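One file, work.txt, carrying compact mmCIF, C-alpha atoms and all ligand atoms:
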# COMPACT_ATOMS: atom_id res chain seq x y z
CA MET X 249 0.00 0.00 0.00
CA ALA X 250 2.63 2.51 -1.04
CA THR X 251 3.38 4.75 -3.97
CA GLU X 252 6.77 5.83 -5.32
CA THR X 253 7.80 9.49 -5.13
CA SER X 254 11.16 11.17 -5.66
CA GLY X 255 12.80 9.36 -2.77
CA ALA X 256 10.73 7.52 -0.21
CA LYS X 257 7.66 5.38 -0.73
CA VAL X 258 4.63 7.19 0.66
CA ILE X 259 2.68 4.93 2.99
CA ASP X 260 -0.94 5.82 2.24
CA GLY X 261 -2.84 5.77 5.53
CA LYS X 262 -6.17 6.52 3.88
CA LEU X 263 -5.97 3.46 1.65
CA LEU X 264 -4.72 1.20 4.45
CA ALA X 265 -7.47 2.49 6.76
CA GLU X 266 -10.05 1.71 4.08
CA ASP X 267 -8.73 -1.88 4.01
CA VAL X 268 -9.13 -2.16 7.78
CA VAL X 269 -12.60 -0.58 7.76
CA ALA X 270 -13.72 -2.91 4.93
CA ALA X 271 -12.61 -5.91 7.02
CA VAL X 272 -14.43 -4.49 10.08
CA LYS X 273 -17.64 -3.99 8.08
CA ALA X 274 -17.55 -7.54 6.74
CA ALA X 275 -16.88 -9.02 10.19
CA THR X 276 -19.61 -6.83 11.73
CA SER X 277 -22.19 -8.14 9.34
CA ASP X 278 -21.02 -11.76 9.98
CA LEU X 279 -21.26 -11.21 13.73
CA LEU X 280 -24.77 -9.78 13.45
CA ASN X 281 -25.95 -12.61 11.18
CA THR X 282 -24.49 -15.42 13.25
CA THR X 283 -25.10 -14.17 16.80
CA GLY X 284 -27.47 -11.18 16.61
CA THR X 285 -24.76 -9.04 18.26
CA LYS X 286 -24.23 -5.55 16.86
CA PRO X 287 -20.98 -3.89 18.04
CA GLY X 288 -21.81 -0.86 20.18
CA ILE X 289 -19.54 2.09 20.96
CA ALA X 290 -20.12 4.99 23.35
CA VAL X 291 -18.01 8.11 22.94
CA VAL X 292 -18.05 10.59 25.82
CA ILE X 293 -16.95 14.18 25.43
CA VAL X 294 -16.81 16.73 28.23
CA GLY X 295 -16.61 20.42 27.32
CA GLU X 296 -16.28 22.24 24.04
CA ASP X 297 -12.70 21.84 22.84
CA PRO X 298 -13.12 22.33 19.06
CA ALA X 299 -10.44 19.80 18.06
CA SER X 300 -11.99 17.16 20.35
CA GLN X 301 -15.43 17.83 18.87
CA VAL X 302 -14.09 17.23 15.36
CA TYR X 303 -12.38 13.97 16.43
CA VAL X 304 -15.46 12.71 18.26
CA ALA X 305 -17.79 13.49 15.37
CA SER X 306 -15.56 11.60 12.94
CA LYS X 307 -15.39 8.59 15.29
CA GLY X 308 -19.22 8.50 15.42
CA ARG X 309 -19.52 8.79 11.63
CA LYS X 310 -17.04 5.96 11.07
CA ALA X 311 -18.80 3.75 13.63
CA ARG X 312 -22.14 4.17 11.84
CA GLU X 313 -20.42 3.47 8.51
CA CYS X 314 -19.16 0.18 10.00
CA GLY X 315 -22.72 -0.78 10.98
CA PHE X 316 -22.17 -0.25 14.72
CA HIS X 317 -24.62 0.98 17.32
CA SER X 318 -23.02 4.35 18.12
CA VAL X 319 -23.90 6.74 20.92
CA GLN X 320 -22.31 10.03 21.87
CA HIS X 321 -22.63 11.56 25.33
CA THR X 322 -21.89 15.28 25.26
CA LEU X 323 -21.43 16.70 28.74
CA THR X 324 -20.94 20.33 29.69
CA GLU X 325 -17.55 21.67 30.80
CA ASP X 326 -18.79 22.00 34.42
CA THR X 327 -19.86 18.33 34.72
CA SER X 328 -18.70 16.91 38.03
CA GLU X 329 -16.30 13.97 38.21
CA ALA X 330 -18.96 12.02 40.14
CA ASP X 331 -21.51 12.48 37.36
CA LEU X 332 -18.98 11.37 34.74
CA LEU X 333 -18.08 8.28 36.81
CA ASP X 334 -21.81 7.47 37.14
CA LEU X 335 -22.19 7.64 33.36
CA ILE X 336 -19.20 5.31 32.88
CA ASP X 337 -20.67 2.93 35.42
CA SER X 338 -23.93 2.76 33.49
CA LEU X 339 -22.06 2.20 30.19
CA ASN X 340 -19.96 -0.52 31.87
CA ASN X 341 -23.22 -2.31 32.67
CA ASP X 342 -24.98 -1.70 29.34
CA PRO X 343 -24.93 -4.92 27.27
CA ALA X 344 -25.48 -2.97 24.02
CA ILE X 345 -22.17 -1.14 24.53
CA HIS X 346 -18.91 -3.05 23.85
CA GLY X 347 -16.50 -0.11 23.65
CA ILE X 348 -16.26 3.05 25.75
CA LEU X 349 -14.07 5.99 24.79
CA VAL X 350 -13.77 9.11 26.92
CA GLN X 351 -12.21 11.79 24.76
CA LEU X 352 -9.12 13.39 26.33
CA PRO X 353 -8.17 15.91 27.54
CA LEU X 354 -10.80 16.31 30.26
CA PRO X 355 -11.44 19.59 32.12
CA LYS X 356 -8.89 20.28 34.87
CA HIS X 357 -11.26 19.58 37.78
CA ILE X 358 -11.67 15.94 36.67
CA ASP X 359 -9.04 13.30 37.48
CA GLU X 360 -8.32 11.69 34.09
CA GLY X 361 -6.59 8.72 35.64
CA ARG X 362 -9.56 7.87 37.84
CA VAL X 363 -11.95 8.17 34.90
CA ILE X 364 -9.87 5.89 32.67
CA GLN X 365 -9.42 3.26 35.39
CA THR X 366 -13.21 3.20 35.95
CA ILE X 367 -13.86 1.86 32.44
CA VAL X 368 -14.02 -1.95 32.61
CA PRO X 369 -10.93 -3.37 30.83
CA ASP X 370 -13.13 -5.45 28.48
CA LYS X 371 -14.68 -2.24 27.08
CA ASP X 372 -11.49 -0.15 27.17
CA VAL X 373 -11.10 0.20 23.39
CA ASP X 374 -8.56 3.01 23.93
CA GLY X 375 -6.26 0.52 25.67
CA PHE X 376 -5.53 2.94 28.53
CA HIS X 377 -6.61 0.78 31.51
CA TYR X 378 -3.76 -0.65 33.61
CA ILE X 379 -4.90 -4.18 32.73
CA ASN X 380 -4.49 -3.52 29.02
CA VAL X 381 -1.27 -1.55 29.52
CA GLY X 382 0.09 -4.43 31.59
CA LYS X 383 -0.89 -7.06 29.02
CA LEU X 384 0.87 -5.14 26.26
CA GLY X 385 3.92 -4.57 28.48
CA THR X 386 4.22 -8.27 29.26
CA GLY X 387 3.85 -9.32 25.63
CA ALA X 388 0.24 -10.61 25.92
CA VAL X 389 -0.55 -8.48 22.88
CA ASP X 390 -3.27 -10.75 21.49
CA SER X 391 -5.52 -10.39 24.52
CA ALA X 392 -4.82 -6.68 25.14
CA PHE X 393 -6.58 -3.67 23.73
CA VAL X 394 -3.75 -1.73 22.15
CA PRO X 395 -4.06 2.08 21.94
CA CYS X 396 -5.32 2.98 18.48
CA THR X 397 -2.55 5.29 17.24
CA PRO X 398 0.36 2.92 17.93
CA ALA X 399 -1.74 -0.05 16.74
CA GLY X 400 -2.36 1.74 13.43
CA SER X 401 1.29 2.79 13.17
CA MET X 402 2.34 -0.81 13.72
CA ILE X 403 0.18 -2.03 10.82
CA MET X 404 1.91 0.54 8.60
CA ILE X 405 5.33 -0.69 9.74
CA GLU X 406 4.32 -4.34 9.18
CA ARG X 407 3.14 -3.63 5.63
CA GLN X 408 6.54 -2.18 4.93
CA LEU X 409 8.87 -4.50 6.81
CA GLY X 410 6.86 -7.60 7.72
CA ARG X 411 5.72 -8.84 11.13
CA ASP X 412 9.15 -9.86 12.40
CA LEU X 413 11.47 -6.91 12.98
CA SER X 414 14.42 -9.00 14.24
CA GLY X 415 17.73 -7.23 13.75
CA LEU X 416 16.17 -3.84 13.10
CA THR X 417 16.66 -0.81 15.35
CA ALA X 418 13.71 1.40 16.21
CA VAL X 419 13.78 4.84 17.82
CA VAL X 420 10.52 6.24 19.22
CA ILE X 421 10.66 9.98 19.90
CA GLY X 422 8.12 10.72 22.64
CA ARG X 423 7.28 8.86 25.84
CA SER X 424 3.55 9.50 26.25
CA ASN X 425 1.24 6.84 27.63
CA ILE X 426 -1.02 7.21 24.56
CA VAL X 427 1.64 6.77 21.86
CA GLY X 428 5.34 6.56 22.78
CA LYS X 429 5.30 3.86 25.46
CA PRO X 430 2.77 1.51 23.80
CA MET X 431 4.56 2.01 20.45
CA ALA X 432 7.85 0.95 22.05
CA ASN X 433 6.18 -2.15 23.53
CA LEU X 434 4.65 -3.15 20.19
CA LEU X 435 8.00 -2.78 18.43
CA LEU X 436 9.67 -4.81 21.15
CA ALA X 437 7.01 -7.52 20.87
CA ALA X 438 7.88 -7.69 17.14
CA ASN X 439 11.58 -8.24 18.03
CA ALA X 440 12.91 -4.79 17.12
CA THR X 441 15.72 -3.29 19.22
CA VAL X 442 14.00 -0.26 20.69
CA THR X 443 15.12 3.08 22.15
CA VAL X 444 12.65 5.62 23.53
CA ALA X 445 13.89 9.20 23.17
CA HIS X 446 12.37 12.31 24.71
CA SER X 447 13.01 15.96 25.53
CA ARG X 448 15.90 15.09 27.89
CA THR X 449 17.69 12.85 25.40
CA LYS X 450 21.25 13.92 24.51
CA ASP X 451 22.04 14.42 20.82
CA LEU X 452 18.66 13.34 19.51
CA PRO X 453 19.63 13.81 15.83
CA ALA X 454 22.52 11.34 16.19
CA LEU X 455 20.30 8.81 17.96
CA ALA X 456 17.55 9.20 15.35
CA ARG X 457 20.10 8.51 12.60
CA THR X 458 20.69 5.03 14.02
CA ALA X 459 17.04 4.05 13.44
CA ASP X 460 15.83 1.66 10.76
CA ILE X 461 12.36 2.55 12.06
CA LEU X 462 11.82 6.11 13.32
CA VAL X 463 8.54 7.01 15.01
CA ALA X 464 7.99 10.70 15.81
CA ALA X 465 5.34 11.42 18.44
CA VAL X 466 6.28 14.67 20.13
CA GLY X 467 3.74 17.23 18.95
CA ARG X 468 6.34 19.70 17.66
CA PRO X 469 5.83 20.79 14.07
CA GLN X 470 8.52 19.60 11.62
CA MET X 471 11.06 18.99 14.38
CA VAL X 472 12.64 15.92 12.74
CA LYS X 473 14.88 17.12 9.91
CA GLY X 474 16.15 15.32 6.83
CA ASP X 475 19.64 14.85 8.29
CA TRP X 476 18.14 13.01 11.30
CA ILE X 477 17.04 10.18 9.04
CA LYS X 478 19.08 7.08 8.25
CA PRO X 479 19.00 6.54 4.47
CA GLY X 480 16.30 3.98 3.65
CA ALA X 481 14.61 4.18 7.07
CA THR X 482 10.88 3.72 7.59
CA VAL X 483 9.54 6.95 9.10
CA ILE X 484 6.20 7.07 10.92
CA ASP X 485 4.99 10.59 11.66
CA VAL X 486 2.38 10.60 14.43
CA GLY X 487 2.25 14.39 14.84
CA ILE X 488 -0.72 16.46 13.73
CA ASN X 489 0.14 20.13 14.18
CA ARG X 490 -1.69 23.14 12.80
CA ILE X 491 0.65 25.92 11.66
CA ASP X 492 0.17 29.29 9.98
CA ALA X 493 0.22 29.13 6.19
CA PRO X 494 0.45 32.74 4.97
CA GLU X 495 1.25 31.38 1.48
CA LYS X 496 -2.38 30.16 1.33
CA GLY X 497 -3.71 33.60 2.23
CA GLU X 498 -4.23 35.84 5.22
CA GLY X 499 -5.07 33.91 8.42
CA LYS X 500 -4.89 30.47 6.71
CA THR X 501 -3.39 27.40 8.38
CA ARG X 502 -2.27 23.92 7.37
CA LEU X 503 -1.53 20.59 9.06
CA VAL X 504 2.01 19.31 9.36
CA GLY X 505 3.57 16.41 11.21
CA ASP X 506 6.49 16.20 13.63
CA VAL X 507 8.73 15.41 10.64
CA ASP X 508 9.93 17.89 8.04
CA TYR X 509 8.32 15.86 5.27
CA ALA X 510 9.93 17.51 2.24
CA GLU X 511 13.43 16.94 3.62
CA ALA X 512 12.78 13.50 5.13
CA ALA X 513 11.13 12.08 2.01
CA LYS X 514 14.42 12.55 0.13
CA VAL X 515 16.30 10.29 2.56
CA ALA X 516 13.79 7.79 3.98
CA GLY X 517 12.89 4.47 2.37
CA ALA X 518 9.23 4.89 3.30
CA ILE X 519 7.32 7.65 5.08
CA THR X 520 3.81 8.46 6.25
CA PRO X 521 2.37 11.81 5.13
CA VAL X 522 0.42 14.30 7.27
CA PRO X 523 -2.47 14.49 6.73
CA GLY X 524 -3.43 11.09 5.28
CA GLY X 525 -0.99 8.93 7.21
CA VAL X 526 -1.37 7.77 10.81
CA GLY X 527 -4.54 9.85 11.42
CA PRO X 528 -6.98 7.74 9.37
CA MET X 529 -5.41 4.55 10.78
CA THR X 530 -6.16 5.68 14.34
CA ILE X 531 -9.91 5.82 13.74
CA ALA X 532 -9.83 2.54 11.79
CA MET X 533 -8.14 0.81 14.74
CA LEU X 534 -10.79 2.16 17.12
CA MET X 535 -13.38 0.41 14.94
CA ALA X 536 -11.28 -2.76 14.92
CA ASN X 537 -10.93 -2.68 18.72
CA THR X 538 -14.68 -2.21 19.15
CA LEU X 539 -15.43 -5.13 16.85
CA VAL X 540 -12.96 -7.27 18.81
CA ALA X 541 -14.71 -6.28 22.07
CA ALA X 542 -18.07 -7.30 20.61
CA CYS X 543 -16.67 -10.63 19.33
CA ARG X 544 -15.24 -11.39 22.78
CA ALA X 545 -18.58 -10.54 24.42
CA ALA X 546 -20.38 -12.84 21.96
CA GLY X 547 -17.78 -15.61 22.44
CA VAL X 548 -16.86 -15.86 18.76
CA GLN X 549 -13.48 -16.01 17.05
CA ILE X 550 -11.61 -12.71 16.85
CA PRO X 551 -10.61 -11.47 13.39
CA LYS X 552 -6.92 -10.46 13.04
CA PHE X 553 -6.12 -7.03 11.59
N1 LIG X 601 -7.32 12.52 22.63
C1 LIG X 601 -6.32 12.52 21.72
N2 LIG X 601 -6.06 11.24 21.33
C2 LIG X 601 -6.91 10.45 22.01
C3 LIG X 601 -7.13 9.05 22.02
O1 LIG X 601 -6.47 8.26 21.33
N3 LIG X 601 -8.11 8.61 22.84
C4 LIG X 601 -8.83 9.46 23.61
N4 LIG X 601 -9.76 8.93 24.39
N5 LIG X 601 -8.67 10.76 23.63
C5 LIG X 601 -7.70 11.25 22.82
Show this structure as structure tokens.
Amino acid sequence: MATETSGAKVIDGKLLAEDVVAAVKAATSDLLNTTGTKPGIAVVIVGEDPASQVYVASKGRKARECGFHSVQHTLTEDTSEADLLDLIDSLNNDPAIHGILVQLPLPKHIDEGRVIQTIVPDKDVDGFHYINVGKLGTGAVDSAFVPCTPAGSMIMIERQLGRDLSGLTAVVIGRSNIVGKPMANLLLAANATVTVAHSRTKDLPALARTADILVAAVGRPQMVKGDWIKPGATVIDVGINRIDAPEKGEGKTRLVGDVDYAEAAKVAGAITPVPGGVGPMTIAMLMANTLVAACRAAGVQIPKF
């Protein structure tokens, strides 16, 4: 699923995500026909962060496209933690709901950690509960819910390099719980030799240049330059940053990744674009995780993505 450009192959996340979504749709209709179970997802959003609203709306749209039962709970900014925990408790006990996603960030007065740990691990399609984090960290990847962005990134890496990354070095820039740490665990589970770099790492460019697989997940626009890339490396750009684009007109903006794409594409062997790379894969993996949750609840075989 890649096209040739001047240097690197461009790994097309939109096309790959369509593949995943097509497989989810087919499996959803099988599940409904054989067991009467329709995968159900509940997305909870608290407050009015515009970016979160866009993400949540697109998750709902994709869930309906997959044939899921999809509900959105929109709570006001001043919702109390107790009310949010009550809602999660009712979703935990709702047999029509197989996946629960609470959109982050939450307002400051709510303890995110407590909220996440209240979701039952079997419905934790974000893969943020300690049980799922622990399964991934101990290599029990098949029974874990893996966070959607690293799971989608891993599929892109596998399409490029295969499932066994023995002998390859991987550098993950960023140590977040949502992307960096689970990404490192997935790469390790696939036998790569993994280094996690972050803001306190010494000589990051030199370290990045050692990587056969470079994953950038820092949230800093175009930070990774062309001369940070080992020739032929596979580069996965997780960043989605909005920057000013005066060349498009007064007040206009555009999306860029954490990688300076124009420079990196001349050196890399394969690279994900922004937009159209990891982003679409993230939503596709949320659908895949929700289907898996529904299959487990119905006691039927789990499709592999
Ligand atoms: N906010 C930004 N990314 C994510 C994500 O993957 N899951 C949730 N729940 N919130 C997010």
Practice task
Find the distance between atom CA of Gly525 of chain X and atom CA of Ala454 of chain X and write it in Å to one decimal.
Solution key: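 Distance between the two atoms: 25.3 Å.
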Practice task
May I ask you to write as a list in words all residues lying at most 6 Å from ligand LIG 601 (chain X), with only C-alpha atoms and all ligand atoms counted?
Solution key: Leu349, Val350, Gln351, Leu352 and Asp374 of chain X
Problem - Selected residue, from X:Gly474, X:Gly524, X:Gly387, X:Gly487, that lies nearest to Leu434 of chain X when counting all atoms listed in the file - result: X:Gly387
Problem - Between atom CA of Pro355 of chain X and atom CA of Met533 of chain X - distance in Å to one decimal - result: 25.8 Å
Problem - Given all atoms listed in the file as the counted atoms, nearest of X:Gly480, X:Pro395, X:Gly295, X:Gly400 to Ser328 of chain X - result: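 Under the stated criterion, the closest residue is X:Gly295.
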Handout entry: Minimum-distance residue to Glu406 of chain X, chosen among X:Ala438, X:Tyr378, X:Ala305, X:Pro551 (using all atoms listed in the file)
Key =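 Among the listed residues, X:Ala438 lies closest to Glu406 of chain X.
Proximity ranking of X:Val444, X:Leu539, X:Ile336, X:Val419 relative to Ile293 of chain X places X:Ile336 first, based on only C-alpha atoms.
Closest to Leu503 of chain X among X:Asp370, X:Ile477, X:Gln470, X:Leu534 is X:Gln470, based on all atoms listed in the file.
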Exercise for the section: Give the answer as one residue: which of X:Leu436, X:Ile421, X:Val483, X:Ala392 has the shortest atom-to-atom distance to Arg468 of chain X, using all atoms listed in the file? Expected result: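 Going through X:Leu436, X:Ile421, X:Val483, X:Ala392 one by one, the smallest distance to Arg468 of chain X is for X:Ile421.
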Problem - Distance in Å - atom CA of Val304 of chain X versus atom CA of Ala532 of chain X - result: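 Rounded to one decimal, the two atoms are 13.3 Å apart.
By all atoms listed in the file, and with residues fewer than 5 positions from Thr324 of chain X along its chain excluded, the set lying at most 12 Å from it is Val292, Ile293, Val294, Gly295, Glu296, Asp297, Glu329, Asp331, Leu332, Leu354 and Pro355 of chain X.
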Problem - Selection near Val368 of chain X, 9 Å with all atoms listed in the file, sequence-local residues under 5 positions removed, as number ranges by chain - result: X: 336-337, 340, 348, 377
